[in-house]
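J.: Handing you a structure now.
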Amino acid sequence: PTMPNSAAFLLRSVIRTGKRRTIRRTGCFFSDAVADVCDSRQNVGLLIALRLRLSFMNYLDPAEIGSWHAHVYFDAATRDAAWALRVAIEANFGSELQMGRFHERPVGPHPMWSYQLAFARERLAEIVEWLALNHGALDVFLHPNTSDPLRDHRDSALWIGHSHTLNLAVFSG
């Protein structure tokens, strides 16, 4: 059977690089198992599908992020440290963020006591850098705010300190 020119070109472009192979035209790395399939002229369709899948993956646009939230987690034993951090955050950032209520119980998806910091995208680096250096023994959960709150909390979150299991059932509403 005759192969389309683009498929023949791609098959000729598979090269070995140690334990991995790369498609020279795309620079994409594949495992040996996938590359072996790609070497076979009988699997040209799969190779083309892999190439197209890698070329046209849908990435999310960061412009979808309207703002960010950081949640400082604490409990009875760390309450005073959480309050002291809150005072320091307000002193350092003042009007650059909105400080949420000091919840001494779990609220929403958060499994621990917490308070929220709400801030603009433009302040992310500055606030995260400060929290990374000054959170002490407290854990901080950060997430973007887009049109998909479940994804924001489950897939797009960042942690400073230890991570905790969220109650994501609140988003199945």
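Just remember, in the structure tokens the first chain shown is A, the second B, etc., residues are 1-based per chain, and ligands are 1-based in the order shown.
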Taking 2 positions as the minimum chain separation for residues in the same chain, which residues sit within 9 Å of His135 in chain A when counting only C-alpha atoms? Answer as an MDAnalysis selection string.
T.: chainID A and resid 72 82 85 130:133 137:140 160:161
J.: Please, could you write that set of residues out with N, CA, C and O atoms as an mmCIF file, in the first residue's frame?
T.:
data_model
loop_
_atom_site.group_PDB
_atom_site.id
_atom_site.type_symbol
_atom_site.label_atom_id
_atom_site.label_comp_id
_atom_site.auth_asym_id
_atom_site.auth_seq_id
_atom_site.Cartn_x
_atom_site.Cartn_y
_atom_site.Cartn_z
ATOM 1 N N VAL A 72 -5.137 30.188 54.396
ATOM 2 C CA VAL A 72 -4.180 29.820 55.433
ATOM 3 C C VAL A 72 -4.895 28.873 56.383
ATOM 4 O O VAL A 72 -5.935 29.211 56.948
ATOM 5 N N ALA A 82 -1.496 31.672 63.379
ATOM 6 C CA ALA A 82 -2.300 32.074 62.228
ATOM 7 C C ALA A 82 -2.729 33.534 62.352
ATOM 8 O O ALA A 82 -2.715 34.286 61.370
ATOM 9 N N LEU A 85 0.316 35.738 61.660
ATOM 10 C CA LEU A 85 0.596 35.790 60.223
ATOM 11 C C LEU A 85 -0.402 36.705 59.526
ATOM 12 O O LEU A 85 -0.033 37.503 58.657
ATOM 13 N N TRP A 130 6.173 35.922 49.320
ATOM 14 C CA TRP A 130 6.151 36.328 50.719
ATOM 15 C C TRP A 130 5.622 35.193 51.600
ATOM 16 O O TRP A 130 6.202 34.877 52.641
ATOM 17 N N LEU A 131 4.522 34.559 51.164
ATOM 18 C CA LEU A 131 3.952 33.447 51.945
ATOM 19 C C LEU A 131 4.917 32.266 52.019
ATOM 20 O O LEU A 131 5.029 31.610 53.063
ATOM 21 N N ALA A 132 5.614 31.984 50.926
ATOM 22 C CA ALA A 132 6.559 30.857 50.917
ATOM 23 C C ALA A 132 7.642 31.042 51.966
ATOM 24 O O ALA A 132 8.084 30.078 52.593
ATOM 25 N N LEU A 133 8.071 32.270 52.165
ATOM 26 C CA LEU A 133 9.145 32.546 53.111
ATOM 27 C C LEU A 133 8.651 32.769 54.540
ATOM 28 O O LEU A 133 9.436 32.660 55.482
ATOM 29 N N ALA A 137 4.893 27.324 60.347
ATOM 30 C CA ALA A 137 4.392 25.950 60.408
ATOM 31 C C ALA A 137 3.002 25.815 59.806
ATOM 32 O O ALA A 137 2.423 24.725 59.810
ATOM 33 N N LEU A 138 2.456 26.897 59.286
ATOM 34 C CA LEU A 138 1.099 26.879 58.728
ATOM 35 C C LEU A 138 1.126 26.438 57.263
ATOM 36 O O LEU A 138 2.096 26.680 56.552
ATOM 37 N N ASP A 139 0.057 25.803 56.848
ATOM 38 C CA ASP A 139 -0.087 25.367 55.460
ATOM 39 C C ASP A 139 -0.964 26.363 54.722
ATOM 40 O O ASP A 139 -1.937 26.890 55.279
ATOM 41 N N VAL A 140 -0.632 26.607 53.453
ATOM 42 C CA VAL A 140 -1.369 27.569 52.642
ATOM 43 C C VAL A 140 -1.796 26.892 51.347
ATOM 44 O O VAL A 140 -0.983 26.292 50.643
ATOM 45 N N ILE A 160 1.625 25.536 49.802
ATOM 46 C CA ILE A 160 2.838 25.929 50.512
ATOM 47 C C ILE A 160 2.757 25.199 51.842
ATOM 48 O O ILE A 160 1.770 25.330 52.567
ATOM 49 N N GLY A 161 3.778 24.435 52.162
ATOM 50 C CA GLY A 161 3.713 23.581 53.353
ATOM 51 C C GLY A 161 3.154 22.234 52.952
ATOM 52 O O GLY A 161 3.443 21.720 51.876
#
J.: Quick one: everything within 8 Å of range 117-128 of chain A, counting only C-alpha atoms, minus sequence neighbours fewer than 6 positions away in the same chain. Send it as a list in words.
T.: Ile65, Gly66, Ser67, Trp68, His69, Ala70, His71, Glu96, Leu97, Gln98, Met99 and Gly100 of chain A
J.: Please list as a PDB file with N, CA, C and O atoms, in the first residue's frame every residue within 8 Å of Glu104 in chain A, counting only C-alpha atoms and excluding residues in the same chain fewer than 5 positions away.
T.:
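Result file selection-v5.pdb:
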ATOM      1  N   ASP A  75      -5.319  25.267  63.214  1.00  0.00           N
ATOM      2  CA  ASP A  75      -6.172  24.553  64.161  1.00  0.00           C
ATOM      3  C   ASP A  75      -6.029  25.228  65.521  1.00  0.00           C
ATOM      4  O   ASP A  75      -5.393  26.299  65.631  1.00  0.00           O
ATOM      5  N   TRP A 113      -9.653  24.734  59.883  1.00  0.00           N
ATOM      6  CA  TRP A 113      -9.947  26.143  60.101  1.00  0.00           C
ATOM      7  C   TRP A 113      -9.099  26.933  59.107  1.00  0.00           C
ATOM      8  O   TRP A 113      -7.993  26.513  58.737  1.00  0.00           O
ATOM      9  N   SER A 114      -9.585  28.095  58.704  1.00  0.00           N
ATOM     10  CA  SER A 114      -8.827  28.848  57.704  1.00  0.00           C
ATOM     11  C   SER A 114      -9.299  30.292  57.622  1.00  0.00           C
ATOM     12  O   SER A 114     -10.363  30.639  58.141  1.00  0.00           O
TER      13      SER A 114
END
J.: Between CA of His143 in chain A and CA of Phe74 in chain A, measure the distance and give it in Å to one decimal.
T.: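 CA of His143 in chain A sits 17.6 Å away from CA of Phe74 in chain A.
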J.: So that I can see what lies close to Arg154 in chain A, please list as a compact mmCIF listing (two decimals) with C-alpha atoms, in the first residue's frame the residues with an atom at most 10 Å from it, counting only C-alpha atoms and leaving out residues fewer than 6 positions away in the same chain.
T.:
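What follows is the written file around_7.txt:
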# COMPACT_ATOMS: atom_id res chain seq x y z
CA HIS A 143 -6.11 28.39 43.73
CA THR A 165 -7.53 16.50 51.21
CA LEU A 166 -10.31 18.91 50.25
CA ASN A 167 -14.03 18.17 50.45
CA LEU A 168 -14.70 18.47 46.72
J.: List every residue of range 82-173 of chain A that DSSP, applied to the backbone of this structure, places in alpha helix (DSSP H), and write the result as a list in words.
T.: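 DSSP-assigned alpha helix (DSSP H) residues in range 82-173 of chain A: Ala82, Trp83, Ala84, Leu85, Arg86, Val87, Ala88, Ile89, Glu90, Ala91, Asn92, Phe93, Leu124, Ala125, Glu126, Ile127, Val128, Glu129, Trp130, Leu131, Ala132, Leu133, Asn134, Pro149, Leu150, Arg151, Asp152, His153 and Arg154 of chain A.
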J.: Of the residues A:Ala157, A:Pro149, A:Ala91, A:Phe141, which is the one nearest to Gln116 in chain A, using only C-alpha atoms?
T.: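 Once distances to Gln116 in chain A are computed over only C-alpha atoms, the minimum belongs to A:Phe141.
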J.: Could you give me the residues within range 52-105 of chain A that DSSP places in strand (DSSP E or B), as a list in words?
T.: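 So the strand (DSSP E or B) residues in range 52-105 of chain A would be Ser67, Trp68, His69, Ala70, His71, Val72, Tyr73, Phe74, Leu97, Gln98, Met99 and His103 of chain A.
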J.: Keeping only C-alpha atoms, write those residues as a PDB file, in the first residue's frame.
T.:
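Result written to again26.pdb:
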ATOM      1  CA  SER A  67      -8.139  36.447  40.546  1.00  0.00           C
ATOM      2  CA  TRP A  68      -6.500  34.207  43.142  1.00  0.00           C
ATOM      3  CA  HIS A  69      -7.372  32.976  46.621  1.00  0.00           C
ATOM      4  CA  ALA A  70      -4.938  31.815  49.277  1.00  0.00           C
ATOM      5  CA  HIS A  71      -6.318  29.975  52.304  1.00  0.00           C
ATOM      6  CA  VAL A  72      -4.180  29.820  55.433  1.00  0.00           C
ATOM      7  CA  TYR A  73      -4.954  26.617  57.375  1.00  0.00           C
ATOM      8  CA  PHE A  74      -4.709  26.335  61.139  1.00  0.00           C
ATOM      9  CA  LEU A  97      -5.569  42.081  48.935  1.00  0.00           C
ATOM     10  CA  GLN A  98      -8.881  41.457  50.614  1.00  0.00           C
ATOM     11  CA  MET A  99      -8.694  39.599  53.926  1.00  0.00           C
ATOM     12  CA  HIS A 103     -13.019  30.730  60.442  1.00  0.00           C
TER      13      HIS A 103
END
J.: Determine the nearest neighbour of Arg79 in chain A from the options A:Leu60, A:Leu158, A:Val107, A:Met112, counting only C-alpha atoms.
T.: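 Under the stated criterion, the closest residue is A:Met112.
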J.: Pick out the residues sitting within 10 Å of Asp148 in chain A, and hand them over as a VMD selection string; count only C-alpha atoms, and ignore anything fewer than 5 positions along from it in its own chain.
T.: chain A and resid 64 153 171
J.: Store the residues picked out above, limited to N, CA, C and O atoms, as an mmCIF file, in the first residue's frame.
T.:
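Once everything was written out, this is result-v8.cif:
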data_model
loop_
_atom_site.group_PDB
_atom_site.id
_atom_site.type_symbol
_atom_site.label_atom_id
_atom_site.label_comp_id
_atom_site.auth_asym_id
_atom_site.auth_seq_id
_atom_site.Cartn_x
_atom_site.Cartn_y
_atom_site.Cartn_z
ATOM 1 N N GLU A 64 -8.019 33.312 31.552
ATOM 2 C CA GLU A 64 -9.251 32.867 32.207
ATOM 3 C C GLU A 64 -9.219 33.124 33.711
ATOM 4 O O GLU A 64 -10.250 33.125 34.361
ATOM 5 N N HIS A 153 -9.910 24.148 42.295
ATOM 6 C CA HIS A 153 -9.541 23.573 43.592
ATOM 7 C C HIS A 153 -8.853 22.219 43.472
ATOM 8 O O HIS A 153 -8.003 21.883 44.287
ATOM 9 N N PHE A 171 -18.685 20.945 45.387
ATOM 10 C CA PHE A 171 -18.786 21.467 44.020
ATOM 11 C C PHE A 171 -19.715 20.643 43.125
ATOM 12 O O PHE A 171 -19.912 20.990 41.975
#
J.: I'd like the interatomic distance between CA of Thr146 in chain A and CA of Asp61 in chain A, to a tenth of an Å.
T.: 10.4 Å
J.: To one decimal place in Å, what is the distance between CA of Pro106 in chain A and CA of Leu150 in chain A?
T.: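 Going from CA of Pro106 in chain A over to CA of Leu150 in chain A covers 17.7 Å.
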